[in-house]
Structures are given as structure tokens and as C-alpha cells.
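*Asks:* Got a file for you: entry.txt, compact mmCIF, C-alpha atoms.
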```
# COMPACT_ATOMS: atom_id res chain seq x y z
CA MET A 1 -14.64 0.81 -14.06
CA ASN A 2 -11.55 2.01 -15.85
CA ARG A 3 -9.46 4.40 -13.81
CA ILE A 4 -7.46 7.01 -15.61
CA LEU A 5 -4.04 7.04 -13.97
CA ALA A 6 -1.09 9.23 -14.73
CA ALA A 7 1.79 7.44 -16.42
CA LEU A 8 3.70 7.77 -13.17
CA ALA A 9 2.98 9.80 -10.08
CA ILE A 10 4.89 9.80 -6.82
CA VAL A 11 3.80 11.83 -3.84
CA CYS A 12 6.14 12.26 -0.90
CA LEU A 13 4.23 12.79 2.32
CA SER A 14 5.53 14.88 5.17
CA PRO A 15 6.99 12.78 7.91
CA ALA A 16 6.48 13.15 11.98
CA LEU A 17 9.48 11.69 15.56
CA ALA A 18 11.92 8.84 17.92
CA CYS A 19 15.81 8.67 18.49
CA ALA A 20 19.07 7.37 17.00
CA GLN A 21 22.72 8.22 16.42
CA GLY A 22 23.74 9.44 12.98
CA LEU A 23 21.42 10.30 10.13
CA ASN A 24 19.80 7.16 8.70
CA ILE A 25 16.75 5.96 6.77
CA THR A 26 15.47 2.76 8.36
CA ASN A 27 12.40 0.51 8.63
CA PHE A 28 11.42 0.84 4.96
CA ARG A 29 8.12 -1.05 4.73
CA PRO A 30 6.11 -1.47 1.53
CA ALA A 31 2.51 -1.79 2.67
CA TYR A 32 -1.12 -1.67 1.69
CA SER A 33 -2.85 1.48 2.82
CA MET A 34 -6.29 2.90 3.42
CA PRO A 35 -6.20 6.49 2.08
CA PRO A 36 -5.10 9.06 3.05
CA GLY A 37 -2.15 6.94 4.15
CA ALA A 38 -3.45 5.11 7.23
CA HIS A 39 -1.19 2.22 8.20
CA GLY A 40 -1.99 -1.03 6.43
CA PRO A 41 -0.58 -4.57 6.39
CA THR A 42 2.87 -5.17 4.96
CA ARG A 43 2.79 -6.16 1.28
CA VAL A 44 3.24 -9.86 0.63
CA ASP A 45 6.00 -8.96 -1.86
CA ALA A 46 7.63 -6.38 0.43
CA ALA A 47 11.13 -7.82 -0.01
CA SER A 48 10.96 -7.28 -3.79
CA PRO A 49 7.80 -5.40 -4.81
CA LYS A 50 6.30 -6.32 -8.18
CA LEU A 51 3.73 -3.97 -9.66
CA VAL A 52 1.50 -4.61 -12.67
CA ALA A 53 0.04 -1.81 -14.75
CA GLY A 54 -2.44 0.24 -12.73
CA ASP A 55 -1.02 -0.85 -9.38
CA VAL A 56 0.21 1.38 -6.57
CA LEU A 57 2.98 1.15 -4.01
CA TYR A 58 2.72 2.76 -0.60
CA ALA A 59 5.72 2.57 1.72
CA GLU A 60 6.63 3.83 5.18
CA TYR A 61 10.09 4.51 6.55
CA THR A 62 11.84 6.13 9.51
CA ILE A 63 14.32 9.02 9.48
CA GLU A 64 16.69 8.72 12.44
CA GLY A 65 19.31 11.12 13.77
CA LEU A 66 17.95 14.51 12.69
CA THR A 67 19.56 17.55 14.31
CA ALA A 68 17.37 20.28 15.81
CA GLU A 69 18.23 23.97 15.81
CA PRO A 70 19.46 24.90 19.33
CA LYS A 71 17.35 28.06 19.64
CA THR A 72 14.08 27.05 17.97
CA GLY A 73 14.10 23.28 18.43
CA LYS A 74 13.12 22.90 14.77
CA VAL A 75 14.31 20.17 12.46
CA ARG A 76 14.74 21.24 8.83
CA TYR A 77 15.31 18.66 6.12
CA GLU A 78 14.53 17.94 2.49
CA ILE A 79 13.37 14.60 1.10
CA VAL A 80 14.42 13.84 -2.48
CA LEU A 81 12.58 11.00 -4.13
CA GLU A 82 13.81 9.63 -7.46
CA PHE A 83 12.40 6.86 -9.64
CA VAL A 84 14.98 5.57 -12.11
CA ASP A 85 15.06 2.82 -14.73
CA SER A 86 17.67 0.07 -15.11
CA ALA A 87 19.91 2.41 -17.11
CA GLY A 88 19.89 4.95 -14.27
CA SER A 89 17.71 7.45 -16.12
CA PRO A 90 15.35 9.35 -13.79
CA LYS A 91 11.67 8.96 -14.63
CA LEU A 92 10.65 11.29 -11.85
CA VAL A 93 12.35 13.48 -9.24
CA ARG A 94 10.38 15.01 -6.37
CA LYS A 95 11.80 17.30 -3.68
CA THR A 96 9.85 17.92 -0.47
CA PRO A 97 11.10 20.44 2.13
CA ASN A 98 10.13 19.82 5.76
CA GLU A 99 10.34 22.09 8.80
CA THR A 100 8.75 21.24 12.13
CA VAL A 101 9.24 21.17 15.90
CA PRO A 102 9.27 17.61 17.28
CA GLN A 103 6.40 17.83 19.74
CA LEU A 104 7.37 14.63 21.53
CA ASN A 105 11.08 15.56 21.50
CA GLY A 106 13.72 13.24 20.05
CA ASN A 107 15.30 13.17 16.60
CA ARG A 108 13.24 10.60 14.74
CA MET A 109 10.60 11.28 12.08
CA PRO A 110 8.37 8.87 10.14
CA GLY A 111 8.03 9.29 6.39
CA SER A 112 5.99 7.77 3.62
CA LEU A 113 5.75 7.68 -0.16
CA PHE A 114 3.12 6.75 -2.71
CA LEU A 115 3.89 5.41 -6.17
CA SER A 116 1.27 4.95 -8.91
CA ILE A 117 2.06 3.02 -12.08
CA GLY A 118 0.04 4.07 -15.11
CA PRO A 119 -1.51 1.50 -17.48
CA ALA A 120 1.04 2.24 -20.23
CA PHE A 121 4.18 2.24 -18.09
CA PRO A 122 6.78 -0.15 -19.60
CA PRO A 123 7.67 -3.33 -17.67
CA GLY A 124 11.20 -3.58 -16.35
CA LYS A 125 13.45 -3.14 -13.34
CA TYR A 126 13.39 0.20 -11.52
CA THR A 127 14.85 1.72 -8.37
CA ILE A 128 13.36 4.06 -5.80
CA LYS A 129 16.13 6.35 -4.56
CA LEU A 130 15.39 8.18 -1.33
CA THR A 131 17.64 10.95 0.03
CA VAL A 132 17.20 12.87 3.28
CA ASP A 133 19.17 16.12 3.48
CA ASP A 134 19.45 17.46 7.04
CA LYS A 135 19.72 21.22 6.52
CA VAL A 136 20.72 21.91 10.15
CA ALA A 137 23.59 19.40 10.39
CA ASN A 138 24.46 19.51 6.67
CA LYS A 139 24.30 15.72 6.46
CA LYS A 140 22.60 13.33 4.04
CA ALA A 141 21.22 9.80 4.29
CA PHE A 142 20.40 7.51 1.36
CA LEU A 143 18.24 4.46 0.69
CA ASN A 144 17.68 2.53 -2.55
CA LYS A 145 14.84 0.05 -3.09
CA ALA A 146 14.55 -2.12 -6.20
CA ILE A 147 11.09 -2.78 -7.65
CA GLN A 148 9.78 -4.39 -10.80
CA VAL A 149 7.01 -3.42 -13.17
CA ILE A 150 5.74 -6.67 -14.69
CA PRO A 151 3.42 -7.37 -17.63
CA THR A 152 -0.27 -7.47 -16.79
CA GLN A 153 -1.39 -10.77 -15.28
CA LEU A 154 -4.18 -11.99 -13.02
CA ALA A 155 -3.56 -9.95 -9.88
CA PHE A 156 -5.03 -7.85 -7.08
CA ILE A 157 -4.05 -4.19 -7.41
CA GLN A 158 -4.78 -0.92 -5.56
CA VAL A 159 -5.30 -2.85 -2.33
CA GLU A 160 -6.73 -0.76 0.52
CA ALA A 161 -6.86 -2.19 4.04
CA LEU A 162 -5.98 -1.36 7.63
CA ALA A 163 -3.60 -3.32 9.83
CA VAL A 164 -5.13 -2.11 13.10
CA ALA A 165 -8.75 -1.35 14.00
CA LEU A 166 -11.07 -0.82 16.98
CA PRO A 167 -14.30 -2.66 17.85
CA GLY A 168 -17.28 -0.84 16.33
CA GLU A 169 -15.11 1.01 13.82
CA PRO A 170 -16.32 0.53 10.21
CA ILE A 171 -13.37 -0.56 8.07
CA GLY A 172 -13.08 -3.32 5.48
CA ALA A 173 -10.95 -4.02 2.43
CA ARG A 174 -11.04 -2.85 -1.18
CA CYS A 175 -9.06 -3.74 -4.29
CA MET A 176 -9.30 -4.29 -8.03
CA VAL A 177 -8.74 -7.49 -10.01
CA VAL A 178 -6.94 -7.22 -13.37
CA GLY A 179 -5.48 -9.57 -15.94
CA PHE A 180 -8.51 -11.88 -16.18
CA GLY A 181 -9.41 -13.73 -19.36
CA LEU A 182 -12.35 -13.04 -21.65
CA ASP A 183 -14.66 -15.53 -23.35
CA ASN A 184 -15.66 -15.50 -27.03
CA LYS A 185 -18.15 -12.74 -26.22
CA LYS A 186 -15.34 -10.64 -24.71
CA LEU A 187 -16.81 -11.07 -21.21
CA PRO A 188 -15.07 -11.95 -17.92
CA ASN A 189 -16.05 -15.00 -15.87
CA LEU A 190 -14.56 -14.41 -12.44
CA ASP A 191 -15.59 -15.59 -8.98
CA VAL A 192 -14.32 -13.64 -5.95
CA THR A 193 -14.73 -14.95 -2.39
CA VAL A 194 -13.93 -13.01 0.79
CA ARG A 195 -13.94 -14.42 4.31
CA VAL A 196 -12.48 -13.53 7.71
CA LEU A 197 -10.25 -16.01 9.57
CA ASP A 198 -9.13 -15.97 13.20
CA GLY A 199 -5.52 -16.27 14.33
CA ASN A 200 -5.69 -20.06 13.95
CA GLY A 201 -6.96 -19.91 10.37
CA LYS A 202 -10.53 -20.81 11.28
CA ALA A 203 -13.31 -18.97 9.44
CA VAL A 204 -15.29 -16.64 11.70
CA SER A 205 -17.70 -15.37 9.04
CA ASN A 206 -19.70 -16.77 6.16
CA PRO A 207 -17.88 -16.37 2.82
CA ALA A 208 -19.02 -13.41 0.72
CA LYS A 209 -19.04 -14.50 -2.93
CA THR A 210 -19.22 -12.20 -5.94
CA GLU A 211 -19.62 -13.42 -9.52
CA PHE A 212 -18.61 -11.31 -12.50
CA PRO A 213 -19.93 -10.08 -14.87
CA ALA A 214 -23.30 -10.56 -13.11
CA ALA A 215 -22.18 -8.37 -10.17
CA LEU A 216 -21.38 -5.35 -12.33
CA PRO A 217 -23.68 -2.33 -11.82
CA PRO A 218 -26.61 -1.97 -14.23
CA GLY A 219 -25.71 -0.18 -17.43
CA VAL A 220 -22.02 -1.13 -17.33
CA ASN A 221 -20.86 -2.86 -20.50
CA ALA A 222 -18.74 -5.76 -19.23
CA ALA A 223 -16.95 -5.98 -22.56
CA ASN A 224 -15.36 -2.56 -21.85
CA VAL A 225 -14.15 -3.47 -18.35
CA ASN A 226 -10.53 -4.38 -17.62
CA GLU A 227 -10.66 -3.90 -13.82
CA LEU A 228 -13.18 -5.58 -11.53
CA PRO A 229 -13.84 -4.10 -8.06
CA VAL A 230 -13.77 -6.04 -4.80
CA VAL A 231 -15.34 -4.32 -1.79
CA TYR A 232 -15.72 -5.99 1.62
CA PRO A 233 -17.16 -3.79 4.40
CA LEU A 234 -16.36 -4.93 7.94
CA THR A 235 -17.19 -3.61 11.40
CA PRO A 236 -15.27 -5.62 14.03
CA ASN A 237 -17.34 -6.55 17.07
CA ARG A 238 -14.53 -7.88 19.27
CA PRO A 239 -10.75 -7.60 19.73
CA GLY A 240 -8.38 -10.24 18.44
CA GLN A 241 -6.09 -11.22 15.58
CA PHE A 242 -7.74 -11.92 12.24
CA VAL A 243 -7.03 -12.29 8.52
CA ILE A 244 -9.17 -11.00 5.64
CA GLU A 245 -8.76 -13.57 2.88
CA ILE A 246 -9.62 -12.68 -0.73
CA VAL A 247 -9.64 -15.38 -3.41
CA ALA A 248 -10.31 -14.87 -7.14
CA VAL A 249 -10.85 -17.70 -9.62
CA ASP A 250 -10.77 -16.98 -13.36
CA LYS A 251 -13.03 -19.50 -15.09
CA ASN A 252 -11.96 -18.20 -18.48
CA ALA A 253 -8.37 -19.25 -17.71
CA LYS A 254 -8.84 -22.86 -16.57
CA ASP A 255 -9.79 -21.80 -13.03
CA GLN A 256 -6.57 -19.89 -12.44
CA ARG A 257 -6.59 -18.88 -8.77
CA ILE A 258 -5.01 -16.02 -6.83
CA GLU A 259 -5.36 -15.19 -3.15
CA LEU A 260 -4.51 -12.33 -0.83
CA LYS A 261 -4.34 -12.48 2.97
CA LEU A 262 -4.55 -9.22 4.91
CA PRO A 263 -3.69 -9.48 8.64
CA LEU A 264 -5.87 -7.40 10.96
CA VAL A 265 -5.45 -6.70 14.68
CA VAL A 266 -8.53 -5.41 16.51
CA ILE A 267 -7.39 -3.64 19.67
CA ASP A 268 -9.04 -3.73 23.08
CA VAL A 269 -8.62 -0.05 23.99
CA GLY A 270 -9.84 -0.58 27.54
CA ALA A 271 -7.16 -3.17 28.22
CA LEU A 272 -4.46 -0.91 26.78
CA ALA A 273 -5.68 2.03 28.85
CA ASN A 274 -5.39 -0.12 31.96
CA GLY A 275 -1.85 -1.17 31.07
CA LYS A 276 -2.77 -4.75 30.11
```
Rewrite the structure of this file - the entire thing - as C-alpha cells.
*Replies:*
Amino acid sequence: MNRILAALAIVCLSPALACAQGLNITNFRPAYSMPPGAHGPTRVDAASPKLVAGDVLYAEYTIEGLTAEPKTGKVRYEIVLEFVDSAGSPKLVRKTPNETVPQLNGNRMPGSLFLSIGPAFPPGKYTIKLTVDDKVANKKAFLNKAIQVIPTQLAFIQVEALAVALPGEPIGARCMVVGFGLDNKKLPNLDVTVRVLDGNGKAVSNPAKTEFPAALPPGVNAANVNELPVVYPLTPNRPGQFVIEIVAVDKNAKDQRIELKLPLVVIDVGALANGK
């Protein structure tokens, strides 16, 4: 169950277009994501992200005001992504060149980043520094986002979910639970319950309950596990607004409880196609 993660890895994904005056980085949105970067719900701690060891941060943003080359129509820009500690020392610097023709016209491009915190990364305050360098207009835009790496505690990490889905499309939610207590046999005693709620908070499905360590695959030594997986497959059968609710209770820590609510909108494509 242990995942070997790099001490710190940040991948800057190529962005894609919409319109504004002046070069700016806007709409920075820390979110959960279903790989390879499909749009997920906004993180509950989006205003001030807090990551425990082994967690990941996915974020989306918008680049506005890019200048296109008059002859080719291309936009050319470089994204510089820095991760610095509280003393201002860079822990990682990544430069990503981009060159493309906006196929829908305009001067707006979406961007995204992915941050992975390794299990040994020291807790503390850090800053994501994002710079967009417009090579055509010779202009730059900047954005700083403060985050915290906190000591390991009972938490959901590596959350994967979608914010938008279609009826009949297999989706679901996945995550890991960390920071649980162990009994005198060095074993976890954790109950995880998942259910789907409608827009009014009413349950629309029977709760799916998983008990650890009993739910671990055969042959896995629970005493060597420090991450417990939560997997909830879901195939929506109708449109509407829903919430996937995940609750974990640690019986080895006086029933300490954590919960995560993931909003989900299931779209009626037919209604949209008809302009409704």
C-alpha cells in the first residue's frame, strides 16, 4: 500500500484560450483531480491549502491578455514555476515553454500545475510562485500562492474525483487515508463510509462501509501499512446535483472522525444541446 513518492515533484501542464486586457494570471483554483488532470471539485482548503506528507496539490488557473504574432497567429510564452520555503530558498524551479495557435481565437489560455509532497518533506510554510513570460509582447505576469506542509495527521490525501459527469459514464472517487492510530498489535482499526447525497443533503444510495484491516487484500501485512485506500465506483443514472460524502472513523484514536464532501454535477446533454 505504500507509495514511493519523490521528495517533491511539480509538473507544469501546457495550457489552452478566452480574452482580457493586459497580461494577468487569474482564477487560480486548487482542486481535486481525476488523472490525467480532468477537472475536479475545488479543494475544501482552497483559500489556504494544507498538505500532509504524501499528499498532492492540483491547481488550475487562467492566463489572460496574451499577444499573438501578427503573421502566424501564434502565442509564445514560458511558464516558470517555483516552490520556495519561508526563507525564500527555491526547492524547485520548472520552466515550460509554450507555443500554439489559439484555435478558438482570443488571448486567453488555461493552465494547470501538479504538486506532490514526498513522505519526508519537512513541515512548514511554502510559496508557489508562478510567472508567465509573454515572448511576443515581452511582458510578464506573476502570481504567488501560500501553502503549508503540516505534520502527518488523520487525513484524506491523493483525492481523485470529477466535478462534472454524464449519465452512464463510469466515474467514482478514490483517495488514501493516513495518520490513523495503531493498536498494541500495530494494526489499524478504521471504518470508512461512503454515500451519495442529493442537492438537499438527502442520501440517494445505501452507505458503502469498509472496515480496516479486514478489508485489506489477502497477503498484505497490515502492520506495514501507513496508507489505507478508499475506492468508490459510481455510474450516474440521471442528471442532477449530488455530493459524494466520505467519512472515516479511527477507533484506535477515540473515534476521531474526518469527512470529505465532493460536489458532483451530472449533466443532461440532451437539454444542453437543445439550449435548455
*Asks:* Env of A:Phe142: 12 Å cut, atoms = all atoms listed in the file, seq-sep filter 6 positions within chain, self excluded. Answer as a PyMOL selection string.
*Replies:* chain A and resi 23-26+28+61-64+79-82+128-134
*Asks:* Would you please work out which residue, of A:Pro102, A:Gly168, A:Pro151, A:Gly111, is nearest to A:Asp55 when using all atoms listed in the file?
*Replies:* A:Pro151
*Asks:* Measuring between only C-alpha atoms, which one of A:Ala248, A:Val178, A:Val75, A:Leu190 shows the shortest distance to A:Val136?
*Replies:*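 Checking each candidate against A:Val136, we get A:Val75 as the closest.
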*Asks:* Have a look at atom CA of A:Val247 and atom CA of A:Ala155 and let me know their distance in Å, one decimal.
*Replies:*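 Between atom CA of A:Val247 and atom CA of A:Ala155 the gap is 10.4 Å.
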*Asks:* Measuring atom to atom with all atoms listed in the file, identify which of A:Pro170, A:Gly73, A:Gly199, A:Gly88 is nearest to A:Leu262.
*Replies:*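 Closest to A:Leu262, using all atoms listed in the file: A:Gly199.
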*Asks:* Of the candidates A:Val220, A:Val225, A:Ile150, A:Val159, which shows the shortest atom-to-atom distance to A:Leu187, using only C-alpha atoms?
*Replies:*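 Among A:Val220, A:Val225, A:Ile150, A:Val159, it is A:Val225 that comes nearest to A:Leu187.
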*Asks:* Extract, using all atoms listed in the file, all DNA, RNA and protein residues at most 12 Å from A:Asp45, discarding same-chain residues fewer than 3 positions from it, and format them as a list of chain:residue names.
*Replies:* A:Arg29, A:Pro30, A:Ala31, A:Tyr32, A:Pro41, A:Thr42, A:Ser48, A:Pro49, A:Lys50, A:Leu51, A:Leu57, A:Ala146, A:Ile147, A:Gln148, A:Leu260, A:Lys261
*Asks:* As an exercise, work out the distance from atom CA of A:Lys91 to atom CA of A:Asn144 in Å and give it to one decimal place.
*Replies:*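 Result for atom CA of A:Lys91 versus atom CA of A:Asn144: 14.9 Å, one decimal.
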*Asks:* Please compute the atom CA of A:Pro167-atom CA of A:Lys202 distance, one decimal, in Å.
*Replies:* 19.7 Å
*Asks:* Of the candidates A:Val249, A:Val196, A:Ile244, A:Ala46, which shows the shortest atom-to-atom distance to A:Ala163, using only C-alpha atoms?
*Replies:*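 Nearest to A:Ala163: A:Ile244.
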*Asks:* Since the input is missing atoms for stretch 173-192 of chain A, could you rebuild it with N, CA and C atoms and give the result as a PDB file, in the coordinates of the input?
*Replies:*
```
ATOM      1  N   ALA A 173     -12.036  -3.905   3.398  1.00  0.00           N
ATOM      2  CA  ALA A 173     -10.950  -4.020   2.430  1.00  0.00           C
ATOM      3  C   ALA A 173     -11.503  -3.744   1.038  1.00  0.00           C
ATOM      4  N   ARG A 174     -10.659  -3.139   0.202  1.00  0.00           N
ATOM      5  CA  ARG A 174     -11.040  -2.850  -1.180  1.00  0.00           C
ATOM      6  C   ARG A 174      -9.845  -3.132  -2.086  1.00  0.00           C
ATOM      7  N   CYS A 175     -10.114  -3.558  -3.311  1.00  0.00           N
ATOM      8  CA  CYS A 175      -9.060  -3.740  -4.290  1.00  0.00           C
ATOM      9  C   CYS A 175      -9.697  -3.887  -5.672  1.00  0.00           C
ATOM     10  N   MET A 176      -8.856  -4.011  -6.678  1.00  0.00           N
ATOM     11  CA  MET A 176      -9.300  -4.290  -8.030  1.00  0.00           C
ATOM     12  C   MET A 176      -8.633  -5.563  -8.506  1.00  0.00           C
ATOM     13  N   VAL A 177      -9.322  -6.314  -9.373  1.00  0.00           N
ATOM     14  CA  VAL A 177      -8.740  -7.490 -10.010  1.00  0.00           C
ATOM     15  C   VAL A 177      -8.496  -7.158 -11.481  1.00  0.00           C
ATOM     16  N   VAL A 178      -7.289  -7.464 -11.963  1.00  0.00           N
ATOM     17  CA  VAL A 178      -6.940  -7.220 -13.370  1.00  0.00           C
ATOM     18  C   VAL A 178      -6.339  -8.486 -13.963  1.00  0.00           C
ATOM     19  N   GLY A 179      -6.173  -8.475 -15.283  1.00  0.00           N
ATOM     20  CA  GLY A 179      -5.480  -9.570 -15.940  1.00  0.00           C
ATOM     21  C   GLY A 179      -6.313 -10.823 -16.132  1.00  0.00           C
ATOM     22  N   PHE A 180      -7.634 -10.719 -16.011  1.00  0.00           N
ATOM     23  CA  PHE A 180      -8.510 -11.880 -16.180  1.00  0.00           C
ATOM     24  C   PHE A 180      -8.760 -12.133 -17.669  1.00  0.00           C
ATOM     25  N   GLY A 181      -9.134 -13.383 -17.976  1.00  0.00           N
ATOM     26  CA  GLY A 181      -9.410 -13.730 -19.360  1.00  0.00           C
ATOM     27  C   GLY A 181     -10.812 -13.351 -19.783  1.00  0.00           C
ATOM     28  N   LEU A 182     -11.044 -13.346 -21.078  1.00  0.00           N
ATOM     29  CA  LEU A 182     -12.350 -13.040 -21.650  1.00  0.00           C
ATOM     30  C   LEU A 182     -12.816 -14.218 -22.500  1.00  0.00           C
ATOM     31  N   ASP A 183     -14.125 -14.452 -22.528  1.00  0.00           N
ATOM     32  CA  ASP A 183     -14.660 -15.530 -23.350  1.00  0.00           C
ATOM     33  C   ASP A 183     -14.861 -15.048 -24.786  1.00  0.00           C
ATOM     34  N   ASN A 184     -15.509 -15.878 -25.619  1.00  0.00           N
ATOM     35  CA  ASN A 184     -15.660 -15.500 -27.030  1.00  0.00           C
ATOM     36  C   ASN A 184     -16.615 -14.333 -27.244  1.00  0.00           C
ATOM     37  N   LYS A 185     -17.314 -13.933 -26.164  1.00  0.00           N
ATOM     38  CA  LYS A 185     -18.150 -12.740 -26.220  1.00  0.00           C
ATOM     39  C   LYS A 185     -17.453 -11.527 -25.600  1.00  0.00           C
ATOM     40  N   LYS A 186     -16.159 -11.704 -25.314  1.00  0.00           N
ATOM     41  CA  LYS A 186     -15.340 -10.640 -24.710  1.00  0.00           C
ATOM     42  C   LYS A 186     -15.826 -10.282 -23.300  1.00  0.00           C
ATOM     43  N   LEU A 187     -16.299 -11.290 -22.564  1.00  0.00           N
ATOM     44  CA  LEU A 187     -16.810 -11.070 -21.210  1.00  0.00           C
ATOM     45  C   LEU A 187     -15.942 -11.813 -20.197  1.00  0.00           C
ATOM     46  N   PRO A 188     -15.781 -11.243 -18.982  1.00  0.00           N
ATOM     47  CA  PRO A 188     -15.070 -11.950 -17.920  1.00  0.00           C
ATOM     48  C   PRO A 188     -15.959 -13.027 -17.295  1.00  0.00           C
ATOM     49  N   ASN A 189     -15.336 -13.974 -16.639  1.00  0.00           N
ATOM     50  CA  ASN A 189     -16.050 -15.000 -15.870  1.00  0.00           C
ATOM     51  C   ASN A 189     -15.222 -15.266 -14.632  1.00  0.00           C
ATOM     52  N   LEU A 190     -15.430 -14.429 -13.621  1.00  0.00           N
ATOM     53  CA  LEU A 190     -14.560 -14.410 -12.440  1.00  0.00           C
ATOM     54  C   LEU A 190     -15.395 -14.542 -11.175  1.00  0.00           C
ATOM     55  N   ASP A 191     -14.968 -15.433 -10.298  1.00  0.00           N
ATOM     56  CA  ASP A 191     -15.590 -15.590  -8.980  1.00  0.00           C
ATOM     57  C   ASP A 191     -14.633 -15.058  -7.917  1.00  0.00           C
ATOM     58  N   VAL A 192     -15.128 -14.193  -7.035  1.00  0.00           N
ATOM     59  CA  VAL A 192     -14.320 -13.640  -5.950  1.00  0.00           C
ATOM     60  C   VAL A 192     -14.991 -13.992  -4.623  1.00  0.00           C
TER      61      VAL A 192
END
```
